[in-house]
Every structure is written in structure tokens, then in C-alpha cells.
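Listing of protein39.cif; format and content: mmCIF, C-alpha atoms (C1' of nucleotides).
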```cif
data_upload
loop_
_atom_site.label_atom_id
_atom_site.label_comp_id
_atom_site.auth_asym_id
_atom_site.auth_seq_id
_atom_site.Cartn_x
_atom_site.Cartn_y
_atom_site.Cartn_z
CA MET A 1 0.00 0.00 0.00
CA THR A 2 1.70 3.18 -1.21
CA ASP A 3 1.13 6.62 0.19
CA VAL A 4 -1.71 7.32 -2.24
CA GLU A 5 -3.58 4.06 -1.73
CA PHE A 6 -5.95 3.40 1.10
CA THR A 7 -8.45 0.82 2.30
CA ILE A 8 -12.21 0.93 2.09
CA GLY A 9 -12.38 1.68 5.80
CA HIS A 10 -10.18 4.70 5.37
CA LEU A 11 -12.24 5.89 2.41
CA ALA A 12 -15.37 5.42 4.47
CA LYS A 13 -13.98 7.50 7.30
CA THR A 14 -12.76 10.37 5.15
CA THR A 15 -15.98 10.63 3.11
CA GLY A 16 -18.47 9.76 5.81
CA CYS A 17 -19.92 6.94 3.70
CA LYS A 18 -20.41 3.56 5.30
CA VAL A 19 -18.33 0.68 4.00
CA PRO A 20 -21.23 -1.36 2.59
CA THR A 21 -22.51 1.76 0.86
CA ILE A 22 -19.19 2.17 -0.94
CA ARG A 23 -19.32 -1.43 -2.11
CA TYR A 24 -22.89 -0.84 -3.17
CA TYR A 25 -21.90 2.19 -5.24
CA GLU A 26 -19.28 0.07 -6.94
CA GLN A 27 -21.83 -2.64 -7.59
CA ILE A 28 -24.27 -0.30 -9.30
CA GLY A 29 -21.49 1.30 -11.31
CA LEU A 30 -21.36 4.73 -9.71
CA LEU A 31 -17.85 4.15 -8.43
CA PRO A 32 -15.21 2.47 -10.64
CA THR A 33 -13.81 -0.85 -9.49
CA PRO A 34 -10.60 -0.19 -7.56
CA GLN A 35 -7.38 -2.18 -7.57
CA ARG A 36 -6.98 -5.05 -5.16
CA SER A 37 -4.25 -5.93 -2.71
CA THR A 38 -2.60 -9.35 -2.80
CA GLY A 39 -5.15 -10.42 -0.22
CA ASN A 40 -8.04 -9.19 -2.42
CA HIS A 41 -8.79 -6.06 -0.39
CA ARG A 42 -9.88 -2.97 -2.29
CA LEU A 43 -7.25 -0.27 -2.69
CA TYR A 44 -8.43 3.24 -3.50
CA GLY A 45 -6.66 6.32 -4.81
CA PRO A 46 -7.47 10.03 -4.73
CA GLU A 47 -9.64 9.77 -7.85
CA HIS A 48 -11.96 7.43 -5.98
CA LEU A 49 -12.00 9.79 -3.04
CA ASN A 50 -13.03 12.72 -5.22
CA ARG A 51 -15.67 10.80 -7.05
CA LEU A 52 -17.17 9.38 -3.89
CA ALA A 53 -17.17 12.83 -2.27
CA PHE A 54 -19.03 14.12 -5.35
CA ILE A 55 -21.56 11.29 -5.14
CA ARG A 56 -22.05 11.74 -1.43
CA HIS A 57 -22.56 15.45 -1.68
CA CYS A 58 -25.11 14.93 -4.45
CA ARG A 59 -26.95 12.38 -2.34
CA GLN A 60 -27.01 14.72 0.62
CA LEU A 61 -28.52 17.30 -1.67
CA GLY A 62 -31.19 14.75 -2.54
CA PHE A 63 -30.17 13.99 -6.11
CA SER A 64 -31.35 10.59 -7.29
CA GLN A 65 -29.01 7.89 -8.49
CA SER A 66 -29.98 8.51 -12.08
CA ALA A 67 -29.38 12.26 -11.74
CA ILE A 68 -25.97 11.57 -10.23
CA ARG A 69 -25.21 9.18 -13.04
CA GLU A 70 -26.03 11.92 -15.53
CA LEU A 71 -23.92 14.44 -13.66
CA LEU A 72 -20.99 12.05 -13.49
CA GLU A 73 -21.19 11.39 -17.21
CA LEU A 74 -21.20 15.12 -17.84
CA THR A 75 -18.18 15.70 -15.65
CA ASP A 76 -16.42 12.91 -17.53
CA ASN A 77 -16.82 14.91 -20.76
CA PRO A 78 -15.90 18.39 -19.60
CA ASP A 79 -15.85 20.07 -23.01
CA GLN A 80 -19.57 20.65 -23.37
CA PRO A 81 -21.39 23.75 -22.20
CA CYS A 82 -22.96 23.18 -18.83
CA ASP A 83 -26.59 23.78 -19.76
CA ALA A 84 -27.26 20.14 -19.02
CA VAL A 85 -25.92 20.47 -15.51
CA THR A 86 -28.01 23.54 -14.89
CA ARG A 87 -31.04 21.73 -16.26
CA ILE A 88 -30.59 18.80 -13.89
CA ALA A 89 -30.08 21.11 -10.91
CA SER A 90 -33.12 23.20 -11.88
CA ALA A 91 -35.33 20.17 -12.28
CA HIS A 92 -34.24 19.09 -8.85
CA LEU A 93 -34.95 22.51 -7.41
CA GLU A 94 -38.46 22.33 -8.81
CA GLN A 95 -38.98 18.99 -7.07
CA VAL A 96 -37.69 20.51 -3.86
CA ASN A 97 -40.12 23.40 -4.11
CA LYS A 98 -43.02 21.02 -4.64
CA ARG A 99 -42.00 18.90 -1.67
CA MET A 100 -41.75 22.02 0.47
CA ALA A 101 -45.24 23.15 -0.46
CA ARG A 102 -46.66 19.74 0.39
CA LEU A 103 -44.81 19.64 3.68
CA MET A 104 -46.07 23.08 4.64
CA ALA A 105 -49.67 22.07 4.07
CA LEU A 106 -49.05 18.90 6.02
CA LYS A 107 -47.45 20.78 8.88
CA ALA A 108 -50.44 23.08 9.14
CA GLU A 109 -52.84 20.19 9.17
CA LEU A 110 -50.89 18.26 11.77
CA GLU A 111 -50.63 21.28 14.02
CA ARG A 112 -54.33 21.92 13.77
CA MET A 113 -55.07 18.28 14.46
CA ILE A 114 -52.89 18.14 17.53
CA GLU A 115 -54.20 21.40 18.89
CA SER A 116 -57.84 20.45 18.47
CA CYS A 117 -57.48 17.26 20.48
CA GLY A 118 -57.80 17.88 24.20
CA ASP A 119 -58.04 15.33 26.97
CA ARG A 120 -60.53 13.04 25.29
CA LYS A 121 -60.96 9.36 24.64
CA ILE A 122 -60.08 7.87 21.28
CA SER A 123 -63.75 7.26 20.58
CA ASN A 124 -64.20 10.99 20.11
CA CYS A 125 -60.66 12.10 19.36
CA ARG A 126 -60.47 14.86 16.81
CA ILE A 127 -57.28 13.53 15.25
CA VAL A 128 -58.85 10.18 14.53
CA GLU A 129 -61.93 11.86 13.15
CA THR A 130 -59.82 14.04 10.94
CA LEU A 131 -57.83 11.11 9.63
CA ALA A 132 -60.98 9.14 8.95
CA ASP A 133 -62.62 12.01 7.12
CA GLN A 134 -62.68 10.94 3.52
CA THR A 135 -64.39 14.12 2.37
CA HIS A 136 -61.28 16.07 3.37
CA GLU A 137 -63.62 18.90 4.32
CA HIS A 138 -61.34 19.84 7.18
CA CYS A 139 -58.40 20.55 4.90
CA ILE A 140 -57.43 24.17 4.58
CA SER A 141 -55.49 23.70 1.38
CA ASP A 142 -56.44 21.32 -1.40
CA ARG A 143 -52.88 20.13 -1.83
CA HIS A 144 -53.81 16.51 -1.29
CA MET B 1 -73.49 -8.48 -4.95
CA THR B 2 -75.84 -6.67 -2.59
CA ASP B 3 -76.25 -2.93 -2.33
CA VAL B 4 -73.52 -2.62 0.30
CA GLU B 5 -70.93 -4.79 -1.46
CA PHE B 6 -68.63 -3.59 -4.18
CA THR B 7 -65.66 -4.72 -6.20
CA ILE B 8 -62.05 -3.78 -5.77
CA GLY B 9 -62.28 -1.53 -8.83
CA HIS B 10 -65.14 0.38 -7.26
CA LEU B 11 -63.26 0.70 -3.99
CA ALA B 12 -60.22 1.93 -5.90
CA LYS B 13 -62.25 4.58 -7.67
CA THR B 14 -64.02 5.89 -4.59
CA THR B 15 -60.86 6.06 -2.47
CA GLY B 16 -58.38 7.04 -5.15
CA CYS B 17 -56.15 4.06 -4.34
CA LYS B 18 -54.92 1.89 -7.16
CA VAL B 19 -56.16 -1.68 -7.30
CA PRO B 20 -52.75 -3.33 -6.72
CA THR B 21 -52.18 -1.01 -3.78
CA ILE B 22 -55.40 -2.22 -2.16
CA ARG B 23 -54.33 -5.83 -2.60
CA TYR B 24 -50.94 -4.87 -1.20
CA TYR B 25 -52.53 -3.33 1.89
CA GLU B 26 -54.46 -6.53 2.40
CA GLN B 27 -51.27 -8.56 1.99
CA ILE B 28 -49.39 -6.62 4.65
CA GLY B 29 -52.36 -6.75 6.98
CA LEU B 30 -53.44 -3.11 6.97
CA LEU B 31 -56.77 -3.96 5.39
CA PRO B 32 -58.78 -6.99 6.57
CA THR B 33 -59.38 -9.77 4.07
CA PRO B 34 -62.75 -9.19 2.43
CA GLN B 35 -65.38 -11.72 1.46
CA ARG B 36 -65.19 -13.34 -1.95
CA SER B 37 -67.78 -13.76 -4.67
CA THR B 38 -68.53 -17.19 -6.12
CA GLY B 39 -65.94 -16.41 -8.77
CA ASN B 40 -63.30 -15.53 -6.14
CA HIS B 41 -63.50 -11.77 -6.62
CA ARG B 42 -63.06 -9.60 -3.55
CA LEU B 43 -66.25 -8.06 -2.18
CA TYR B 44 -65.95 -5.03 0.07
CA GLY B 45 -68.33 -3.32 2.44
CA PRO B 46 -68.49 0.16 3.97
CA GLU B 47 -66.13 -0.83 6.80
CA HIS B 48 -63.41 -1.51 4.25
CA LEU B 49 -64.12 1.78 2.57
CA ASN B 50 -63.75 3.68 5.82
CA ARG B 51 -60.59 1.89 6.82
CA LEU B 52 -58.98 2.35 3.43
CA ALA B 53 -59.92 6.03 3.43
CA PHE B 54 -58.27 6.34 6.83
CA ILE B 55 -55.12 4.59 5.59
CA ARG B 56 -54.98 6.64 2.45
CA HIS B 57 -55.38 9.91 4.26
CA CYS B 58 -52.62 8.93 6.69
CA ARG B 59 -50.33 8.02 3.78
CA GLN B 60 -51.04 11.33 2.08
CA LEU B 61 -50.05 13.00 5.32
CA GLY B 62 -46.81 11.06 5.17
CA PHE B 63 -47.41 8.66 8.05
CA SER B 64 -45.39 5.48 7.75
CA GLN B 65 -46.92 2.05 7.59
CA SER B 66 -45.92 1.33 11.17
CA ALA B 67 -47.42 4.61 12.39
CA ILE B 68 -50.64 3.78 10.56
CA ARG B 69 -50.63 0.33 12.07
CA GLU B 70 -50.37 1.90 15.53
CA LEU B 71 -53.15 4.36 14.77
CA LEU B 72 -55.41 1.61 13.45
CA GLU B 73 -54.85 -0.46 16.56
CA LEU B 74 -55.73 2.54 18.69
CA THR B 75 -58.92 3.22 16.79
CA ASP B 76 -59.82 -0.44 17.23
CA ASN B 77 -59.76 0.07 21.03
CA PRO B 78 -61.58 3.38 21.36
CA ASP B 79 -61.86 3.41 25.15
CA GLN B 80 -58.39 4.68 25.92
CA PRO B 81 -57.48 8.34 26.25
CA CYS B 82 -56.01 9.65 23.05
CA ASP B 83 -52.59 10.67 24.36
CA ALA B 84 -51.08 7.96 22.22
CA VAL B 85 -52.64 9.38 19.09
CA THR B 86 -51.42 12.84 19.93
CA ARG B 87 -47.97 11.42 20.59
CA ILE B 88 -47.81 9.74 17.17
CA ALA B 89 -49.03 12.86 15.42
CA SER B 90 -46.56 15.04 17.34
CA ALA B 91 -43.64 12.77 16.56
CA HIS B 92 -44.64 12.98 12.95
CA LEU B 93 -44.85 16.75 13.09
CA GLU B 94 -41.34 16.86 14.47
CA GLN B 95 -40.13 14.78 11.53
CA VAL B 96 -41.90 17.13 9.17
CA ASN B 97 -40.24 20.15 10.73
CA LYS B 98 -36.82 18.54 10.37
CA ARG B 99 -37.47 17.64 6.76
CA MET B 100 -38.58 21.21 6.07
CA ALA B 101 -35.43 22.66 7.57
CA ARG B 102 -33.27 20.36 5.48
CA LEU B 103 -35.23 21.17 2.34
CA MET B 104 -34.88 24.90 2.95
CA ALA B 105 -31.10 24.64 3.25
CA LEU B 106 -31.03 22.50 0.14
CA LYS B 107 -33.20 24.94 -1.77
CA ALA B 108 -30.88 27.80 -0.90
CA GLU B 109 -27.84 25.87 -1.99
CA LEU B 110 -29.41 24.76 -5.26
CA GLU B 111 -30.51 28.29 -6.07
CA ARG B 112 -27.08 29.64 -5.36
CA MET B 113 -25.49 26.93 -7.46
CA ILE B 114 -27.75 27.54 -10.43
CA GLU B 115 -27.37 31.28 -10.23
CA SER B 116 -23.59 31.17 -10.04
CA CYS B 117 -23.26 29.13 -13.21
CA GLY B 118 -23.30 31.32 -16.31
CA ASP B 119 -22.62 30.30 -19.89
CA ARG B 120 -19.54 28.20 -19.20
CA LYS B 121 -18.19 24.82 -20.13
CA ILE B 122 -18.48 21.91 -17.75
CA SER B 123 -14.74 21.99 -17.17
CA ASN B 124 -15.20 25.17 -15.14
CA CYS B 125 -18.87 24.94 -14.18
CA ARG B 126 -19.58 26.26 -10.73
CA ILE B 127 -22.24 23.67 -10.04
CA VAL B 128 -19.87 20.82 -10.70
CA GLU B 129 -17.22 22.48 -8.58
CA THR B 130 -19.68 22.94 -5.76
CA LEU B 131 -20.82 19.34 -5.92
CA ALA B 132 -17.24 18.11 -5.96
CA ASP B 133 -16.25 20.27 -3.01
CA GLN B 134 -15.69 17.84 -0.18
CA THR B 135 -14.76 20.58 2.25
CA HIS B 136 -18.33 21.93 2.01
CA GLU B 137 -16.80 25.37 2.44
CA HIS B 138 -19.38 26.82 0.10
CA CYS B 139 -22.28 25.79 2.32
CA ILE B 140 -24.07 28.58 4.09
CA SER B 141 -25.65 26.37 6.67
CA ASP B 142 -24.02 23.35 8.25
CA ARG B 143 -27.12 21.26 7.94
CA HIS B 144 -25.39 18.54 6.00
"C1'" DC C 1 1.93 -16.66 17.71
"C1'" DT C 2 -2.29 -15.31 19.10
"C1'" DA C 3 -6.04 -12.18 19.32
"C1'" DC C 4 -8.72 -8.89 17.25
"C1'" DT C 5 -10.34 -6.09 13.90
"C1'" DA C 6 -11.10 -5.24 8.95
"C1'" DT C 7 -12.30 -6.95 4.89
"C1'" DC C 8 -14.16 -10.31 1.60
"C1'" DT C 9 -18.54 -12.41 -0.89
"C1'" DC C 10 -23.13 -13.53 -0.82
"C1'" DT C 11 -27.95 -13.44 0.34
"C1'" DA C 12 -31.84 -11.34 2.04
"C1'" DG C 13 -34.42 -7.63 4.20
"C1'" DT C 14 -36.37 -2.73 4.33
"C1'" DA C 15 -40.53 0.76 2.62
"C1'" DA C 16 -44.12 1.26 -0.23
"C1'" DC C 17 -45.41 0.15 -3.76
"C1'" DT C 18 -45.46 -0.86 -9.35
"C1'" DA C 19 -45.34 -3.80 -13.45
"C1'" DG C 20 -46.06 -7.82 -15.88
"C1'" DA C 21 -47.54 -12.73 -17.12
"C1'" DG C 22 -50.97 -15.94 -17.72
"C1'" DA C 23 -55.51 -17.46 -16.24
"C1'" DT C 24 -60.32 -16.81 -15.01
"C1'" DA C 25 -64.78 -14.00 -14.24
"C1'" DC C 26 -68.24 -11.00 -15.41
"C1'" DA C 27 -71.14 -7.67 -18.15
"C1'" DA C 28 -72.96 -5.97 -22.47
"C1'" DG C 29 -74.06 -6.35 -27.43
"C1'" DG C 30 -75.61 -9.03 -31.28
"C1'" DC D 1 -76.38 -18.29 -26.54
"C1'" DC D 2 -72.08 -16.51 -27.96
"C1'" DT D 3 -68.56 -13.39 -28.42
"C1'" DT D 4 -65.86 -9.62 -27.09
"C1'" DG D 5 -63.76 -6.77 -23.90
"C1'" DT D 6 -62.74 -5.33 -19.51
"C1'" DA D 7 -61.98 -6.59 -14.60
"C1'" DT D 8 -60.18 -9.49 -11.62
"C1'" DC D 9 -57.34 -13.36 -9.92
"C1'" DT D 10 -52.46 -15.16 -8.28
"C1'" DC D 11 -47.73 -14.99 -8.54
"C1'" DT D 12 -43.18 -13.26 -9.35
"C1'" DA D 13 -39.97 -9.79 -9.84
"C1'" DG D 14 -38.47 -4.96 -10.18
"C1'" DT D 15 -37.85 -0.28 -8.09
"C1'" DT D 16 -34.57 3.08 -4.86
"C1'" DA D 17 -30.99 3.41 -1.88
"C1'" DC D 18 -29.34 1.16 1.05
"C1'" DT D 19 -28.70 -1.99 5.61
"C1'" DA D 20 -27.92 -6.34 8.10
"C1'" DG D 21 -26.13 -10.69 8.69
"C1'" DA D 22 -23.43 -15.16 7.86
"C1'" DG D 23 -19.27 -17.39 7.28
"C1'" DA D 24 -14.58 -17.02 5.58
"C1'" DT D 25 -10.14 -14.80 4.97
"C1'" DA D 26 -6.59 -10.85 5.62
"C1'" DG D 27 -3.97 -7.75 8.07
"C1'" DT D 28 -2.13 -5.83 12.45
"C1'" DA D 29 -0.62 -5.16 17.28
"C1'" DG D 30 1.27 -7.05 21.23
#
```
As C-alpha cells, please, write out the structure in this file.
Amino acid sequence: MTDVEFTIGHLAKTTGCKVPTIRYYEQIGLLPTPQRSTGNHRLYGPEHLNRLAFIRHCRQLGFSQSAIRELLELTDNPDQPCDAVTRIASAHLEQVNKRMARLMALKAELERMIESCGDRKISNCRIVETLADQTHEHCISDRH
Amino acid sequence: MTDVEFTIGHLAKTTGCKVPTIRYYEQIGLLPTPQRSTGNHRLYGPEHLNRLAFIRHCRQLGFSQSAIRELLELTDNPDQPCDAVTRIASAHLEQVNKRMARLMALKAELERMIESCGDRKISNCRIVETLADQTHEHCISDRH
DNA sequence: CTACTATCTCTAGTAACTAGAGATACAAGG
DNA sequence: CCTTGTATCTCTAGTTACTAGAGATAGTAG
């Protein structure tokens, strides 16, 4: 093991990925197969570190596997204009905005539900009634 | 088929669940097994309709299967005080608040990334640089 | 040399469904 | 009554993004 090669455990520690997750990324082709030691242990170099850091950051930002795959392909051909990258990021932002809107409606409904339920029995609990209400008449927004 | 019995297709239409989803809920024990017609088709009654509406509403509110299972058990024993229900709903609200905070940080980062990338090539695209940045120095918040 | 930890491969499990194959049932039109 | 077309049946397998565990080998520290 030279100074620029390290084990999967080391890679895991420096990137914050778990070991099985790294093997999983290799399995699905996000991370290239590394060299092996004489004892068949994976040996990684800085290029693996960078790529895994990229993948991990994307995942933490909520990008899907397929989006990451696209982004990685783009970064592998760096001579194109980056419209495609912007497009992927924008599409993701749109998804994020939608999720936020849904969550806000949900938050409001949950808060109202919790507030409206005093010290009752389940048989006349407002939360249960609300959840059972198939007319959704109680809903402030029509988001769902 | 009497006036209070209906097919799985009918149930799907009135609740907005898809047919395979209804069968799936039965399989995992969220929905009780219905009667069958002479030709082995499922026949549902109003009690199934109510229960499925309850499940569906919970799912739309983002409750997990296990939370729904708890809630259903509670509604099956309606003589207890509803602290437990409030507790489940509150725990869920907390999750929602956390998710919202993460999404807001993400939204900010995505917007900044998209904005900072002009008409460049991928080789010096700011988005790609940001995603590759394992130091996370660019991040405004330390949420991730 | 002996522990102990890390790593290896492989399978299977998670949530919450969705999709498809191949077979049967039912409902309406001719 | 027969045909056609849709609905339903069961079963298996695929999805996303991992996680957990078994049983075997490798590497390391004392």
C-alpha cells in the first residue's frame, strides 16, 4: 500500500460513507472498481475519493441515483457547455419546491389536528376523526 | 353483490387508491381480508371503505406504515385516552419540521449553485465544482 | 503466535409500492 | 347463446438506496 492508496475503511472514514454503501456504489457502477491488494482487499486512490465525495454530496442534496449518473457522465466529458448540468439542478430545485409546499400544508394540518385534540378518549378524538374524514372537508389547502 | 358490497375496482375509484395497492394493503395486513364472490373476486363493504380512506389519508399525510398500524390499533380500542394518538401525530410533526429545515437549506444551496453558473463549459462549471467540493466550504448552513 | 479487527462475498431484508404474465370472471351487445 | 372486452385473480420480480447478517479470509498489534 503506497502513500496514495488506502483501504475501504479509510475511504469510508474520510468521506463519511459507510463501507457497505461504498461497495454498493461500486456494484451499481457509480464508483469504478478499484485495484486489489494481494489479499483481495480494495485499494483506493485520490480519484476514488473525489468521485465518492461528489456522489455523497449529491446524495445529501437529494439527487437521485440517475441524476448523479447523468452528472458524473457530464463531468467525464468536460468540453460541453454546462446547460445540461443547470437543467438537472433546476429540475431538482423544482422537485424541492413542490416537496416544500406539500410539507407546509401537512405541517399546518398536523398542528391543527394536535391542537384540536384535548383530553378526550379515542372514541371521540379529533385527530382520529380528521384522519378518517374521507371528504377532506377539514383541509385548509387542497394540496392533497 | 348486494347494495352494500362492491368490487375492488369500485373501492379503488371511490378512495383514489390503485387496485394493486389495495391488494398490497391486504397482503401486509393493513386492510382486513374481504369476502369473496362465487368467482373468487373480492367483495368489500363500507367498513373496508372507511378503513382504506383512513389509511390513504394517513399516507397522504406522510405517516409510515408502522405509524398507521399503531393508529389503526388505537382506533380499534376506542376506550383509551387519546394521548397515544397525539404522541404519534406530534412525533410525525417533528419529523416534518426537520425535513422542512433540510429542504430549505437545500433549496438555498441549489438556487445559489444555479445562479452562479453562467454560460460556461463543464470543465469550469460552478455547479460541478460545488458538488465536488468535499470541504463543504461553500455551504451557508451546516445542515449537511 | 495469538487475538482482534477489517475486509471479503453472498444473500436477504427494508418501505411502499409498481409492473407484468398468464388465467379466469363478469357484463354488455348481437 | 355466444362473443368480445374489460376486470379481476395469483404470482413473481423490479424499483430506490441502502442496511444487516453469515461465514470465511486478511492484516495488524502485542
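If only C-alpha atoms (C1' of nucleotides) are the atoms counted, then among C:DT9, C:DG20, C:DC1, C:DC26 the closest residue to chain A is C:DT9.
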For the file shown, what are the residues hit by the PyMOL selection byres ((chain B) within 9 of (chain C)), laid out as a VMD selection string?
chain B and resid 20 to 21 24 39 to 41 64 to 65
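Coordinates place atom CA of B:Ile8 at a distance of 18.5 Å from atom C1' of D:DG5.
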Starting from the PyMOL selection byres ((chain D) within 9 of (chain A)), expand the selection into actual residues of this file and give them as JSON, numbers by chain.
{"D": [16, 17, 18, 19, 25, 26, 27]}
Of the candidates B:Ser116, B:Ser90, B:Thr130, B:Gln60, which shows the shortest atom-to-atom distance to A:Arg102, using all atoms listed in the file?
B:Gln60
Residues proximal to (-15.5, 18.2, -9.1) were defined as those with any atom within 9 Å of that point in the file's coordinates, counting all atoms listed in the file. Which are they, as a PyMOL selection string?
(chain A and resi 50-51+53-54+75) or (chain B and resi 123+127-134)
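Shortest atom-to-atom contact with chain B among A:Glu5, A:Glu94, A:Asp79, A:Glu115: A:Asp79, counting only C-alpha atoms.
Straight-line separation from atom CA of B:Phe63 to atom CA of B:Gly9: 24.7 Å.
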Centre, edges in Å (one decimal): axis-aligned box, stretch 15-29 of chain D, 4 Å padding on all six sides, as JSON:
```
{"center_x": -19.2, "center_y": -7.0, "center_z": 4.6, "size_x": 45.2, "size_y": 28.8, "size_z": 33.4}
```
Might you spell out which residues the PyMOL selection byres ((chain B and resi 48) around 12) would select in the displayed file, as a VMD selection string?
(chain A and resid 132) or (chain B and resid 4 to 8 10 to 12 14 to 15 22 25 to 26 30 to 35 42 to 47 49 to 56)
Could you write those residues out with C-alpha atoms, as a PDB file, in the coordinates of the input?
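Generated file (out_37.pdb):
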```pdb
ATOM      1  CA  ALA A 132     -60.980   9.140   8.950  1.00  0.00           C
TER       2      ALA A 132
ATOM      3  CA  VAL B   4     -73.520  -2.620   0.300  1.00  0.00           C
ATOM      4  CA  GLU B   5     -70.930  -4.790  -1.460  1.00  0.00           C
ATOM      5  CA  PHE B   6     -68.630  -3.590  -4.180  1.00  0.00           C
ATOM      6  CA  THR B   7     -65.660  -4.720  -6.200  1.00  0.00           C
ATOM      7  CA  ILE B   8     -62.050  -3.780  -5.770  1.00  0.00           C
ATOM      8  CA  HIS B  10     -65.140   0.380  -7.260  1.00  0.00           C
ATOM      9  CA  LEU B  11     -63.260   0.700  -3.990  1.00  0.00           C
ATOM     10  CA  ALA B  12     -60.220   1.930  -5.900  1.00  0.00           C
ATOM     11  CA  THR B  14     -64.020   5.890  -4.590  1.00  0.00           C
ATOM     12  CA  THR B  15     -60.860   6.060  -2.470  1.00  0.00           C
ATOM     13  CA  ILE B  22     -55.400  -2.220  -2.160  1.00  0.00           C
ATOM     14  CA  TYR B  25     -52.530  -3.330   1.890  1.00  0.00           C
ATOM     15  CA  GLU B  26     -54.460  -6.530   2.400  1.00  0.00           C
ATOM     16  CA  LEU B  30     -53.440  -3.110   6.970  1.00  0.00           C
ATOM     17  CA  LEU B  31     -56.770  -3.960   5.390  1.00  0.00           C
ATOM     18  CA  PRO B  32     -58.780  -6.990   6.570  1.00  0.00           C
ATOM     19  CA  THR B  33     -59.380  -9.770   4.070  1.00  0.00           C
ATOM     20  CA  PRO B  34     -62.750  -9.190   2.430  1.00  0.00           C
ATOM     21  CA  GLN B  35     -65.380 -11.720   1.460  1.00  0.00           C
ATOM     22  CA  ARG B  42     -63.060  -9.600  -3.550  1.00  0.00           C
ATOM     23  CA  LEU B  43     -66.250  -8.060  -2.180  1.00  0.00           C
ATOM     24  CA  TYR B  44     -65.950  -5.030   0.070  1.00  0.00           C
ATOM     25  CA  GLY B  45     -68.330  -3.320   2.440  1.00  0.00           C
ATOM     26  CA  PRO B  46     -68.490   0.160   3.970  1.00  0.00           C
ATOM     27  CA  GLU B  47     -66.130  -0.830   6.800  1.00  0.00           C
ATOM     28  CA  LEU B  49     -64.120   1.780   2.570  1.00  0.00           C
ATOM     29  CA  ASN B  50     -63.750   3.680   5.820  1.00  0.00           C
ATOM     30  CA  ARG B  51     -60.590   1.890   6.820  1.00  0.00           C
ATOM     31  CA  LEU B  52     -58.980   2.350   3.430  1.00  0.00           C
ATOM     32  CA  ALA B  53     -59.920   6.030   3.430  1.00  0.00           C
ATOM     33  CA  PHE B  54     -58.270   6.340   6.830  1.00  0.00           C
ATOM     34  CA  ILE B  55     -55.120   4.590   5.590  1.00  0.00           C
ATOM     35  CA  ARG B  56     -54.980   6.640   2.450  1.00  0.00           C
TER      36      ARG B  56
END
```
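As for atom CA of A:Leu110 and atom CA of B:Met104, they are spaced 19.4 Å apart.
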